[in-house]
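Structure file protein-v8.cif (mmCIF, C-alpha atoms and all ligand atoms) follows.
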```
data_input
#
loop_
_atom_site.label_atom_id
_atom_site.label_comp_id
_atom_site.auth_asym_id
_atom_site.auth_seq_id
_atom_site.Cartn_x
_atom_site.Cartn_y
_atom_site.Cartn_z
CA MET A 1 74.14 167.39 143.09
CA ASN A 2 72.56 167.18 146.54
CA ALA A 3 72.63 163.41 146.47
CA ILE A 4 76.40 163.44 145.76
CA LYS A 5 77.12 165.90 148.55
CA LYS A 6 75.42 163.71 151.12
CA ILE A 7 77.78 160.76 150.61
CA PRO A 8 80.28 160.79 153.50
CA LEU A 9 83.96 161.33 152.65
CA LYS A 10 84.86 157.76 153.61
CA ASP A 11 82.35 156.35 151.15
CA ARG A 12 83.37 158.73 148.43
CA TYR A 13 86.96 157.55 148.86
CA ARG A 14 85.81 153.92 148.58
CA ILE A 15 83.91 154.69 145.39
CA LEU A 16 86.94 156.53 143.97
CA THR A 17 89.44 153.79 144.75
CA ARG A 18 87.37 150.62 144.43
CA GLU A 19 84.28 150.91 142.33
CA LEU A 20 85.81 153.30 139.85
CA ASP A 21 88.53 150.77 139.06
CA TRP A 22 87.80 148.11 136.45
CA LYS A 23 89.11 144.84 135.06
CA THR A 24 90.59 145.13 131.60
CA THR A 25 88.81 143.13 128.89
CA TYR A 26 90.44 143.46 125.47
CA GLN A 27 94.03 143.64 126.76
CA PRO A 28 95.64 141.45 129.45
CA PRO A 29 96.57 143.32 132.69
CA GLU A 30 100.31 142.71 132.16
CA LYS A 31 100.15 144.72 128.94
CA VAL A 32 98.28 147.54 130.64
CA PHE A 33 100.68 147.60 133.62
CA PRO A 34 103.97 146.41 132.02
CA ASP A 35 106.22 147.48 134.93
CA ALA A 36 104.24 145.86 137.73
CA ALA A 37 105.93 142.45 137.78
CA PHE A 38 109.58 142.59 136.66
CA GLU A 39 110.96 143.57 140.05
CA GLY A 40 109.69 140.30 141.52
CA ILE A 41 107.27 141.83 144.04
CA LYS A 42 104.33 139.53 144.70
CA ILE A 43 100.93 140.96 145.63
CA ARG A 44 98.23 138.52 146.81
CA ASN A 45 95.44 141.01 147.24
CA TRP A 46 95.58 144.58 146.05
CA ASP A 47 92.44 145.45 148.01
CA ASP A 48 94.48 145.16 151.22
CA PHE A 49 96.06 148.55 150.49
CA ASN A 50 94.36 151.48 152.14
CA ASP A 51 95.62 155.03 152.01
CA PRO A 52 95.15 156.19 155.63
CA PHE A 53 94.36 159.74 154.47
CA ARG A 54 91.50 158.61 152.23
CA LEU A 55 91.42 161.94 150.39
CA THR A 56 89.16 162.43 147.41
CA MET A 57 90.33 164.68 144.59
CA ASP A 58 87.83 167.46 145.35
CA ALA A 59 88.91 167.56 149.02
CA TYR A 60 92.55 167.53 147.90
CA TRP A 61 92.13 170.58 145.64
CA LYS A 62 90.22 172.43 148.35
CA TYR A 63 93.00 171.94 150.96
CA GLN A 64 95.80 172.73 148.54
CA ALA A 65 94.11 175.89 147.23
CA GLU A 66 93.74 177.15 150.80
CA LYS A 67 97.45 176.58 151.48
CA GLU A 68 98.44 178.34 148.26
CA ARG A 69 96.31 181.39 149.11
CA LYS A 70 98.01 181.73 152.49
CA LEU A 71 101.53 181.19 151.13
CA TYR A 72 101.22 183.71 148.32
CA ALA A 73 99.77 186.34 150.69
CA VAL A 74 102.92 185.99 152.83
CA LEU A 75 105.19 186.08 149.76
CA ASP A 76 103.49 189.29 148.56
CA SER A 77 104.13 191.01 151.85
CA PHE A 78 107.71 189.66 151.95
CA GLN A 79 108.36 191.25 148.56
CA GLN A 80 106.62 194.55 149.39
CA ASN A 81 108.59 194.87 152.62
CA ASN A 82 111.93 193.90 151.05
CA GLY A 83 112.16 190.93 153.39
CA GLN A 84 115.51 189.96 151.87
CA THR A 85 117.12 192.81 153.85
CA ALA A 86 116.30 191.03 157.13
CA ILE A 87 118.69 188.10 156.67
CA THR A 88 121.54 187.76 159.15
CA ASP A 89 124.39 187.98 156.66
CA GLY A 90 124.81 187.85 152.89
CA ARG A 91 126.58 184.51 153.28
CA TYR A 92 123.22 182.95 154.12
CA VAL A 93 122.17 183.29 150.45
CA ASN A 94 124.68 180.55 149.59
CA ALA A 95 122.50 178.07 151.47
CA LEU A 96 119.57 179.22 149.33
CA LYS A 97 121.65 178.70 146.18
CA LEU A 98 122.43 175.18 147.28
CA PHE A 99 118.73 174.54 147.93
CA LEU A 100 117.53 176.01 144.63
CA THR A 101 120.11 174.21 142.47
CA GLY A 102 120.34 170.98 144.47
CA ILE A 103 116.87 170.35 145.92
CA SER A 104 114.18 172.17 143.91
CA PRO A 105 114.91 170.32 140.64
CA ASP A 106 114.60 167.06 142.60
CA GLU A 107 111.11 168.06 143.70
CA TYR A 108 110.38 168.25 139.99
CA MET A 109 111.83 164.75 139.45
CA ALA A 110 109.74 163.48 142.37
CA HIS A 111 106.70 164.98 140.59
CA ARG A 112 107.59 163.08 137.41
CA GLY A 113 108.37 159.90 139.31
CA PHE A 114 105.06 159.79 141.16
CA ALA A 115 103.18 160.60 137.95
CA HIS A 116 104.99 157.65 136.36
CA ILE A 117 104.25 155.13 139.10
CA GLY A 118 100.71 156.53 139.36
CA ARG A 119 100.29 155.12 135.88
CA GLN A 120 102.15 151.85 136.53
CA LEU A 121 100.75 150.52 139.81
CA PRO A 122 97.78 148.21 139.29
CA ASN A 123 95.77 149.51 142.26
CA ALA A 124 93.49 152.53 142.27
CA GLY A 125 94.19 153.52 145.90
CA LEU A 126 97.95 153.66 145.35
CA ARG A 127 97.47 155.38 142.01
CA VAL A 128 95.33 158.11 143.55
CA ALA A 129 97.83 158.63 146.40
CA ALA A 130 100.72 158.73 143.89
CA GLN A 131 98.83 161.23 141.74
CA MET A 132 98.32 163.52 144.75
CA GLN A 133 101.97 163.28 145.72
CA SER A 134 102.95 164.01 142.13
CA LEU A 135 100.87 167.22 142.25
CA ASP A 136 102.32 168.12 145.67
CA GLU A 137 105.87 167.84 144.37
CA LEU A 138 105.06 170.06 141.39
CA ARG A 139 103.61 172.58 143.85
CA HIS A 140 106.79 172.37 145.95
CA VAL A 141 109.14 173.19 143.10
CA GLN A 142 106.87 176.04 141.98
CA THR A 143 106.55 177.62 145.41
CA GLN A 144 110.31 177.32 145.98
CA VAL A 145 111.13 179.01 142.69
CA HIS A 146 108.55 181.76 143.33
CA THR A 147 109.90 182.36 146.84
CA ILE A 148 113.57 182.48 145.93
CA ALA A 149 112.78 184.70 142.90
CA GLN A 150 112.74 187.66 145.30
CA TYR A 151 116.39 186.97 146.24
CA ASN A 152 117.26 186.67 142.57
CA LYS A 153 116.38 190.37 142.16
CA HIS A 154 118.98 191.38 144.74
CA PHE A 155 121.75 188.75 144.80
CA SER A 156 123.90 187.32 142.03
CA GLY A 157 124.24 183.65 141.23
CA LEU A 158 120.61 182.51 141.53
CA HIS A 159 120.01 182.46 137.79
CA SER A 160 119.92 179.33 135.58
CA PHE A 161 119.39 176.91 138.47
CA ARG A 162 117.91 174.26 136.19
CA HIS A 163 120.79 174.60 133.72
CA MET A 164 123.26 174.18 136.58
CA HIS A 165 121.46 171.15 137.97
CA ASP A 166 122.22 169.26 134.76
CA ARG A 167 125.84 170.38 134.50
CA VAL A 168 127.55 171.35 137.74
CA TRP A 169 129.63 168.52 139.22
CA TYR A 170 128.30 168.35 142.79
CA LEU A 171 124.70 168.69 141.62
CA SER A 172 125.09 165.29 139.97
CA VAL A 173 124.95 163.95 143.54
CA PRO A 174 121.25 164.79 144.21
CA LYS A 175 120.42 164.62 140.48
CA SER A 176 121.64 161.04 140.12
CA PHE A 177 119.81 160.06 143.31
CA PHE A 178 116.45 161.00 141.79
CA ASP A 179 117.29 159.95 138.24
CA ASP A 180 118.32 156.50 139.46
CA ALA A 181 115.13 156.16 141.52
CA PHE A 182 113.07 157.32 138.53
CA SER A 183 114.64 154.72 136.23
CA ALA A 184 113.93 151.89 138.69
CA GLY A 185 110.63 149.98 138.76
CA PRO A 186 107.52 151.36 140.45
CA PHE A 187 107.92 149.43 143.69
CA GLU A 188 111.57 150.37 144.06
CA PHE A 189 110.69 154.01 143.40
CA MET A 190 108.07 153.82 146.11
CA ILE A 191 110.55 152.36 148.62
CA ALA A 192 113.37 154.70 147.52
CA ILE A 193 111.43 157.96 147.58
CA GLY A 194 108.27 157.19 149.55
CA PHE A 195 109.97 155.28 152.34
CA SER A 196 113.77 155.76 152.51
CA PHE A 197 113.73 159.40 151.46
CA GLU A 198 110.40 160.74 152.74
CA TYR A 199 110.05 158.62 155.85
CA VAL A 200 113.59 157.93 157.04
CA LEU A 201 115.68 160.88 155.83
CA THR A 202 113.45 163.85 154.97
CA ASN A 203 113.64 165.41 158.46
CA LEU A 204 117.40 165.59 158.07
CA LEU A 205 116.94 167.57 154.88
CA PHE A 206 114.02 169.90 155.57
CA VAL A 207 114.37 170.64 159.27
CA PRO A 208 117.96 171.95 158.86
CA PHE A 209 117.08 174.09 155.83
CA MET A 210 113.84 175.47 157.31
CA SER A 211 115.19 176.09 160.82
CA GLY A 212 118.30 177.52 159.18
CA ALA A 213 116.03 179.94 157.31
CA ALA A 214 114.15 180.84 160.51
CA PHE A 215 117.38 181.40 162.47
CA ASN A 216 118.79 183.58 159.70
CA GLY A 217 115.80 185.86 159.14
CA ASP A 218 114.55 184.31 155.88
CA MET A 219 110.83 184.26 156.61
CA ALA A 220 109.85 183.56 153.01
CA THR A 221 111.64 180.20 152.98
CA VAL A 222 110.17 179.34 156.38
CA THR A 223 106.71 179.94 154.89
CA PHE A 224 107.15 177.65 151.90
CA GLY A 225 108.58 175.08 154.29
CA PHE A 226 105.47 175.25 156.45
CA SER A 227 103.24 175.10 153.41
CA ALA A 228 104.94 171.85 152.33
CA GLN A 229 104.81 170.38 155.85
CA SER A 230 101.24 169.04 155.70
CA ASP A 231 101.98 167.48 152.29
CA GLU A 232 105.05 165.91 153.86
CA ALA A 233 102.92 164.28 156.57
CA ARG A 234 100.84 162.65 153.84
CA HIS A 235 103.96 161.53 151.93
CA MET A 236 105.54 159.97 154.99
CA THR A 237 102.35 158.08 155.80
CA LEU A 238 102.08 156.85 152.21
CA GLY A 239 105.68 155.63 152.28
CA LEU A 240 105.19 153.74 155.53
CA GLU A 241 101.84 152.22 154.52
CA ALA A 242 103.22 151.20 151.13
CA ILE A 243 106.23 149.38 152.60
CA LYS A 244 104.10 147.59 155.20
CA PHE A 245 101.62 146.58 152.50
CA VAL A 246 104.36 145.13 150.28
CA LEU A 247 105.98 143.28 153.22
CA GLU A 248 102.66 141.80 154.36
CA GLN A 249 101.71 140.55 150.91
CA HIS A 250 104.40 137.88 150.45
CA GLU A 251 107.48 136.67 152.33
CA ASP A 252 109.46 136.64 149.05
CA ASN A 253 109.18 140.42 149.03
CA VAL A 254 111.23 140.82 152.23
CA PRO A 255 114.78 140.31 150.83
CA ILE A 256 114.01 142.47 147.77
CA VAL A 257 112.72 145.29 149.96
CA GLN A 258 115.63 144.89 152.40
CA HIS A 259 118.13 145.44 149.59
CA TRP A 260 116.24 148.54 148.45
CA ILE A 261 116.31 149.87 152.01
CA ASP A 262 120.08 149.22 152.23
CA LYS A 263 120.65 150.87 148.87
CA TRP A 264 118.48 153.95 149.27
CA PHE A 265 119.48 154.56 152.84
CA TRP A 266 123.11 154.75 151.71
CA ARG A 267 122.37 156.86 148.62
CA GLY A 268 120.27 159.23 150.72
CA TYR A 269 122.91 159.47 153.41
CA ARG A 270 125.55 160.42 150.83
CA VAL A 271 123.24 163.17 149.46
CA LEU A 272 122.89 164.45 153.03
CA THR A 273 126.64 165.22 153.02
CA LEU A 274 125.61 168.51 151.37
CA VAL A 275 123.18 169.21 154.21
CA ALA A 276 125.81 168.42 156.87
CA MET A 277 128.13 170.96 155.25
CA MET A 278 125.33 173.55 154.97
CA MET A 279 124.52 173.21 158.68
CA ASP A 280 128.06 173.34 160.03
CA TYR A 281 129.67 175.81 157.61
CA MET A 282 127.17 177.83 155.56
CA LEU A 283 124.66 179.20 158.07
CA PRO A 284 125.84 182.51 159.59
CA LYS A 285 123.71 181.60 162.62
CA ARG A 286 123.88 177.86 163.38
CA VAL A 287 120.81 175.83 164.32
CA MET A 288 122.48 172.68 165.61
CA SER A 289 125.45 170.62 164.50
CA TRP A 290 125.15 167.85 161.92
CA LYS A 291 126.09 165.46 164.69
CA ASP A 292 123.13 166.52 166.87
CA ALA A 293 120.77 166.35 163.90
CA TRP A 294 121.95 162.84 163.01
CA ASN A 295 121.49 161.66 166.58
CA ILE A 296 118.00 163.09 166.90
CA TYR A 297 116.56 162.33 163.47
CA PHE A 298 118.26 159.09 162.61
CA ASN A 299 119.48 157.38 165.75
CA ASP A 300 116.42 158.14 167.89
CA ALA A 301 113.60 158.34 165.34
CA GLY A 302 115.06 155.78 162.89
CA GLY A 303 115.90 153.38 165.72
CA ALA A 304 112.23 153.26 166.80
CA LEU A 305 111.08 152.83 163.20
CA PHE A 306 113.33 149.85 162.48
CA ALA A 307 112.43 148.24 165.82
CA ASP A 308 108.82 148.39 164.57
CA LEU A 309 109.69 146.91 161.16
CA ALA A 310 111.56 143.99 162.76
CA ARG A 311 108.32 141.98 162.95
CA TYR A 312 108.35 141.81 159.12
CA GLY A 313 111.92 140.49 159.12
CA ILE A 314 113.39 143.89 158.21
CA ARG A 315 116.63 144.98 159.91
CA LEU A 316 118.48 148.28 160.07
CA PRO A 317 120.01 149.26 156.71
CA LYS A 318 123.39 147.71 155.92
CA PHE A 319 126.20 150.14 156.85
CA ALA A 320 123.84 152.11 159.13
CA ASP A 321 126.69 152.12 161.67
CA VAL A 322 129.08 154.01 159.35
CA PRO A 323 127.45 157.48 159.59
CA ALA A 324 128.06 157.50 163.35
CA LYS A 325 131.77 156.81 162.72
CA GLU A 326 131.94 159.66 160.17
CA VAL A 327 129.71 162.07 162.06
CA ASP A 328 132.52 164.25 163.47
CA ARG A 329 134.17 164.83 160.10
CA LEU A 330 131.53 164.56 157.36
CA SER A 331 130.74 168.28 157.12
CA THR A 332 134.43 169.23 157.30
CA GLU A 333 135.49 166.80 154.58
CA ALA A 334 132.74 168.22 152.36
CA TRP A 335 133.56 171.89 153.07
CA ALA A 336 137.23 171.16 152.38
CA ILE A 337 136.28 169.86 148.92
CA PHE A 338 134.12 172.88 148.17
CA TYR A 339 136.73 175.32 149.45
CA GLN A 340 139.25 173.86 147.00
CA TYR A 341 136.79 173.89 144.09
CA THR A 342 134.92 177.17 144.67
CA HIS A 343 135.85 178.29 141.17
CA ALA A 344 133.71 175.44 139.85
CA ALA A 345 130.79 175.83 142.25
CA ALA A 346 127.63 177.94 142.10
CA PHE A 347 128.17 179.47 145.55
CA HIS A 348 130.92 181.05 147.64
CA THR A 349 133.08 179.37 150.27
CA TRP A 350 135.22 180.85 153.02
CA ILE A 351 137.46 179.97 155.93
CA PRO A 352 135.38 179.94 159.13
CA ALA A 353 136.03 182.87 161.48
CA ASP A 354 137.73 182.15 164.82
CA GLU A 355 134.46 181.95 166.76
CA GLU A 356 133.12 179.56 164.11
CA LEU A 357 136.21 177.36 164.46
CA ASP A 358 135.58 177.39 168.22
CA TRP A 359 131.95 176.37 167.70
CA LEU A 360 133.16 173.48 165.53
CA SER A 361 135.66 172.29 168.11
CA GLN A 362 133.03 172.54 170.86
CA SER A 363 130.62 170.53 168.71
CA TYR A 364 133.13 167.94 167.53
CA GLY A 365 135.79 167.80 170.21
CA ALA A 366 139.55 167.66 170.56
CA GLU A 367 140.04 165.27 167.65
CA TRP A 368 138.47 167.83 165.33
CA ASP A 369 140.90 170.47 166.60
CA ARG A 370 143.85 168.17 166.10
CA LEU A 371 142.96 167.05 162.57
CA TYR A 372 141.16 169.95 160.92
CA ARG A 373 141.85 173.29 162.62
CA PRO A 374 145.48 173.39 161.36
CA ARG A 375 144.27 172.86 157.79
CA PHE A 376 141.92 175.87 157.99
CA GLU A 377 144.61 177.98 159.64
CA TYR A 378 147.07 177.03 156.92
CA TRP A 379 144.58 177.92 154.14
CA ARG A 380 143.76 181.18 155.93
CA GLN A 381 147.44 182.11 155.97
CA LEU A 382 147.78 181.35 152.26
CA GLU A 383 144.78 183.58 151.58
CA LYS A 384 146.37 186.41 153.62
CA ASP A 385 149.55 186.01 151.60
CA GLY A 386 147.54 186.45 148.39
CA LYS A 387 147.87 182.76 147.52
CA ARG A 388 144.30 181.54 148.13
CA TYR A 389 144.40 177.80 147.45
CA TYR A 390 142.42 176.38 144.52
CA ASN A 391 142.68 172.80 143.45
CA ASN A 392 142.97 172.79 139.66
CA ALA A 393 143.08 169.03 139.15
CA LEU A 394 139.90 167.12 138.37
CA PRO A 395 138.99 164.88 141.29
CA GLN A 396 138.09 161.24 140.79
CA LEU A 397 134.42 160.63 141.53
CA CYS A 398 132.73 157.70 143.22
CA GLN A 399 130.96 155.80 140.45
CA VAL A 400 127.77 155.45 142.51
CA CYS A 401 127.18 158.55 144.64
CA GLN A 402 129.15 160.91 142.31
CA ILE A 403 130.99 162.58 145.21
CA PRO A 404 134.75 163.22 144.80
CA MET A 405 136.76 160.44 146.46
CA ALA A 406 137.62 162.37 149.60
CA PHE A 407 135.82 160.40 152.29
CA THR A 408 138.06 158.67 154.78
CA GLU A 409 138.08 155.16 156.21
CA PRO A 410 135.29 154.75 158.79
CA ASP A 411 137.90 153.72 161.39
CA ASP A 412 140.74 155.98 160.27
CA PRO A 413 140.04 159.65 159.51
CA THR A 414 143.57 160.16 158.14
CA LYS A 415 143.27 157.68 155.29
CA ILE A 416 141.19 158.20 152.13
CA ALA A 417 138.71 155.34 151.61
CA PHE A 418 139.10 153.64 148.26
CA ARG A 419 137.09 150.68 146.95
CA GLU A 420 136.99 149.11 143.50
CA SER A 421 135.23 146.43 141.48
CA GLN A 422 135.87 144.94 138.07
CA TYR A 423 133.02 144.35 135.69
CA LYS A 424 133.28 143.19 132.05
CA GLY A 425 136.92 144.20 131.85
CA ASP A 426 136.49 147.69 133.30
CA ARG A 427 137.46 148.91 136.72
CA TYR A 428 135.03 151.02 138.79
CA HIS A 429 135.84 153.13 141.84
CA PHE A 430 133.81 153.78 144.98
CA CYS A 431 134.02 156.00 148.02
CA SER A 432 132.79 153.42 150.48
CA ASP A 433 131.58 149.88 151.12
CA GLY A 434 128.05 151.24 150.89
CA CYS A 435 128.52 152.50 147.32
CA LYS A 436 130.49 149.40 146.25
CA ASN A 437 127.73 147.16 147.62
CA ILE A 438 125.15 148.97 145.46
CA PHE A 439 127.29 148.66 142.32
CA ASP A 440 128.11 144.98 142.91
CA HIS A 441 124.41 144.14 143.30
FE FE B 1 108.40 167.84 147.99
ZN ZN B 2 130.09 156.87 146.86
#
```
Could you take the file, read its structure, and then write that structure out as structure tokens?
Amino acid sequence: MNAIKKIPLKDRYRILTRELDWKTTYQPPEKVFPDAAFEGIKIRNWDDFNDPFRLTMDAYWKYQAEKERKLYAVLDSFQQNNGQTAITDGRYVNALKLFLTGISPDEYMAHRGFAHIGRQLPNAGLRVAAQMQSLDELRHVQTQVHTIAQYNKHFSGLHSFRHMHDRVWYLSVPKSFFDDAFSAGPFEFMIAIGFSFEYVLTNLLFVPFMSGAAFNGDMATVTFGFSAQSDEARHMTLGLEAIKFVLEQHEDNVPIVQHWIDKWFWRGYRVLTLVAMMMDYMLPKRVMSWKDAWNIYFNDAGGALFADLARYGIRLPKFADVPAKEVDRLSTEAWAIFYQYTHAAAFHTWIPADEELDWLSQSYGAEWDRLYRPRFEYWRQLEKDGKRYYNNALPQLCQVCQIPMAFTEPDDPTKIAFRESQYKGDRYHFCSDGCKNIFDH
């Protein structure tokens, strides 16, 4: 025992990820790792991959156990003190419903996905890192469910979140994002989730939800957010190291990886439509507008990242200019859909109050006032007259992102965008060039 304890962490990591690995003898490697080659990724030397965190399993369990102890102590006191009474306004709980039905089940799919690629990647370092991320994601879904359980005792509509995830129309948007990544090969999964999602887009998902919780008095959600934060740092580093490793290994990998970046950037951005709506319409106390969040977390941070990746021959994702064109209307187009289909959604919707309409026009300018304020005022009048508007027709969905076809042309906010492709005699419909490009490929 003493002899083992004296080995420094760095050496223990080397032993775990190098000397514990072995060459197969009675089966060829391609039978042991059947998914490693079909995507066309070429690896010259697997030993070039190094997980910068170099965590051993015993150190991992020690850190995670400490975080769990702290989190559950806070959750206990939240429950004993009826922390749910401290939220700004009952409407805030709708944001929690969206999180629990739309995000938590995806943490579970991320857990399954990393467990899967942890089996499929023929390198012990990547396998160990994938195993740890798989365990992290399982921890995330568990801590989220345990935290929100307290709200379930006091508010309706938080039951059956997993059942809803598989059946409710708008939840097919995040669900299909993770299911599609899961059914791809191991390298694409790593680029889709490890890089595009964790590294490029995760701040636009978690910062709005966690600051939204903080601003609206939900200290329990803030605590699970903090508890996941240090895991997130490890996930982001893994995603970045993995993409650099793949790009450095062979020049033939560059166009394959570029297409995955284009694809998963666009898929992720479409999922973020739900976050844009949450930020601008669902938080009783706003944190910042979707537009400000996009500028800070994608334009500034993403711009620096892609400048750094340029030396590998990687450019900004295709259609990365479109979100800036849609930034003033994305949240409003989404809220307008949900307002019309509240009877088929797992949360409530409402017409923004006057001061909220003013906040929107301050955030989005005169064009917003001209195009969208009259629509809300019209719907508000209908509601007053006892004729609250519900849309009872089924909307057509984009075949790729699964969102109803209500997005408008990037250069014309008054015209619905409509794209189509024919394949084997059938016609398919898309909300955008980004989604059509994915389907055509
Ligand atoms: Fe997670
Ligand atoms: Zn689409």
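Ranking A:Ser211, A:Ser176, A:Ser183, A:Thr342 by their shortest atom-to-atom distance to ligand ZN 2 (chain B), with only C-alpha atoms and all ligand atoms included, puts A:Ser176 first.
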task = Please indicate the distance in Å from atom CA of Ala95 of chain A to atom CA of Leu283 of chain A, rounded to one decimal place.
result = 7.0 Å
request  = Please measure the separation of atom CA of Tyr312 of chain A and atom CA of Asp35 of chain A, giving the value in Å to one decimal.
outcome  = 24.9 Å
key: Residue with smallest distance to Phe178 of chain A - pool A:Ile351, A:Leu204, A:Val246, A:Trp264, counting all atoms listed in the file   =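 Of all the options, A:Trp264 lies closest to Phe178 of chain A.
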message = Applying 8 Å and all atoms listed in the file, which residues near Arg162 of chain A remain after dropping the ones on its own chain fewer than 3 positions away? List them as a ChimeraX atom specification.
response = /A:101,105,165-166
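If all atoms listed in the file are the atoms counted, then among A:Ala181, A:Gln133, A:Thr25, A:Ser227 the closest residue to Arg69 of chain A is A:Ser227.
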key: Nearest-residue call for Lys23 of chain A, choices A:Ser331, A:Asn299, A:Ser361, A:Asn123, using all atoms listed in the file   =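 Among A:Ser331, A:Asn299, A:Ser361, A:Asn123, it is A:Asn123 that comes nearest to Lys23 of chain A.
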Protein and nucleic acid residues within 8 Å of ligand FE 1 (chain B) (all atoms listed in the file) as a PyMOL selection string = chain A and resi 107+110+136-141+228+231-232
Reconstruct N, CA and C atoms of segment 91-111 of chain A; output as a compact mmCIF listing (two decimals), keeping the file's coordinate frame.
```txt
# COMPACT_ATOMS: atom_id res chain seq x y z
N ARG A 91 126.11 185.89 153.49
CA ARG A 91 126.58 184.51 153.28
C ARG A 91 125.43 183.50 153.30
N TYR A 92 124.36 183.86 154.03
CA TYR A 92 123.22 182.95 154.12
C TYR A 92 122.68 182.58 152.73
N VAL A 93 122.74 183.52 151.78
CA VAL A 93 122.17 183.29 150.45
C VAL A 93 122.82 182.08 149.77
N ASN A 94 124.04 181.75 150.17
CA ASN A 94 124.68 180.55 149.59
C ASN A 94 123.93 179.27 149.92
N ALA A 95 123.32 179.24 151.11
CA ALA A 95 122.50 178.07 151.47
C ALA A 95 121.27 178.01 150.57
N LEU A 96 120.71 179.19 150.25
CA LEU A 96 119.57 179.22 149.33
C LEU A 96 119.95 178.75 147.94
N LYS A 97 121.17 179.14 147.50
CA LYS A 97 121.65 178.70 146.18
C LYS A 97 121.77 177.18 146.14
N LEU A 98 122.30 176.63 147.22
CA LEU A 98 122.43 175.18 147.28
C LEU A 98 121.05 174.52 147.23
N PHE A 99 120.09 175.10 147.93
CA PHE A 99 118.73 174.54 147.93
C PHE A 99 118.11 174.62 146.54
N LEU A 100 118.19 175.80 145.92
CA LEU A 100 117.53 176.01 144.63
C LEU A 100 118.14 175.16 143.52
N THR A 101 119.47 174.99 143.54
CA THR A 101 120.11 174.21 142.47
C THR A 101 120.11 172.71 142.79
N GLY A 102 120.17 172.38 144.09
CA GLY A 102 120.34 170.98 144.47
C GLY A 102 119.06 170.28 144.88
N ILE A 103 118.08 171.01 145.39
CA ILE A 103 116.87 170.35 145.92
C ILE A 103 115.65 170.61 145.04
N SER A 104 115.42 171.85 144.65
CA SER A 104 114.18 172.17 143.91
C SER A 104 114.04 171.33 142.63
N PRO A 105 115.08 171.16 141.83
CA PRO A 105 114.91 170.32 140.64
C PRO A 105 114.58 168.86 140.97
N ASP A 106 114.94 168.42 142.19
CA ASP A 106 114.60 167.06 142.60
C ASP A 106 113.13 166.95 142.98
N GLU A 107 112.56 168.05 143.46
CA GLU A 107 111.11 168.06 143.70
C GLU A 107 110.41 167.81 142.35
N TYR A 108 110.97 168.44 141.32
CA TYR A 108 110.38 168.25 139.99
C TYR A 108 110.50 166.80 139.54
N MET A 109 111.67 166.17 139.81
CA MET A 109 111.83 164.75 139.45
C MET A 109 110.91 163.87 140.28
N ALA A 110 110.68 164.25 141.54
CA ALA A 110 109.74 163.48 142.37
C ALA A 110 108.34 163.59 141.77
N HIS A 111 108.00 164.78 141.29
CA HIS A 111 106.70 164.98 140.59
C HIS A 111 106.59 164.03 139.40
```
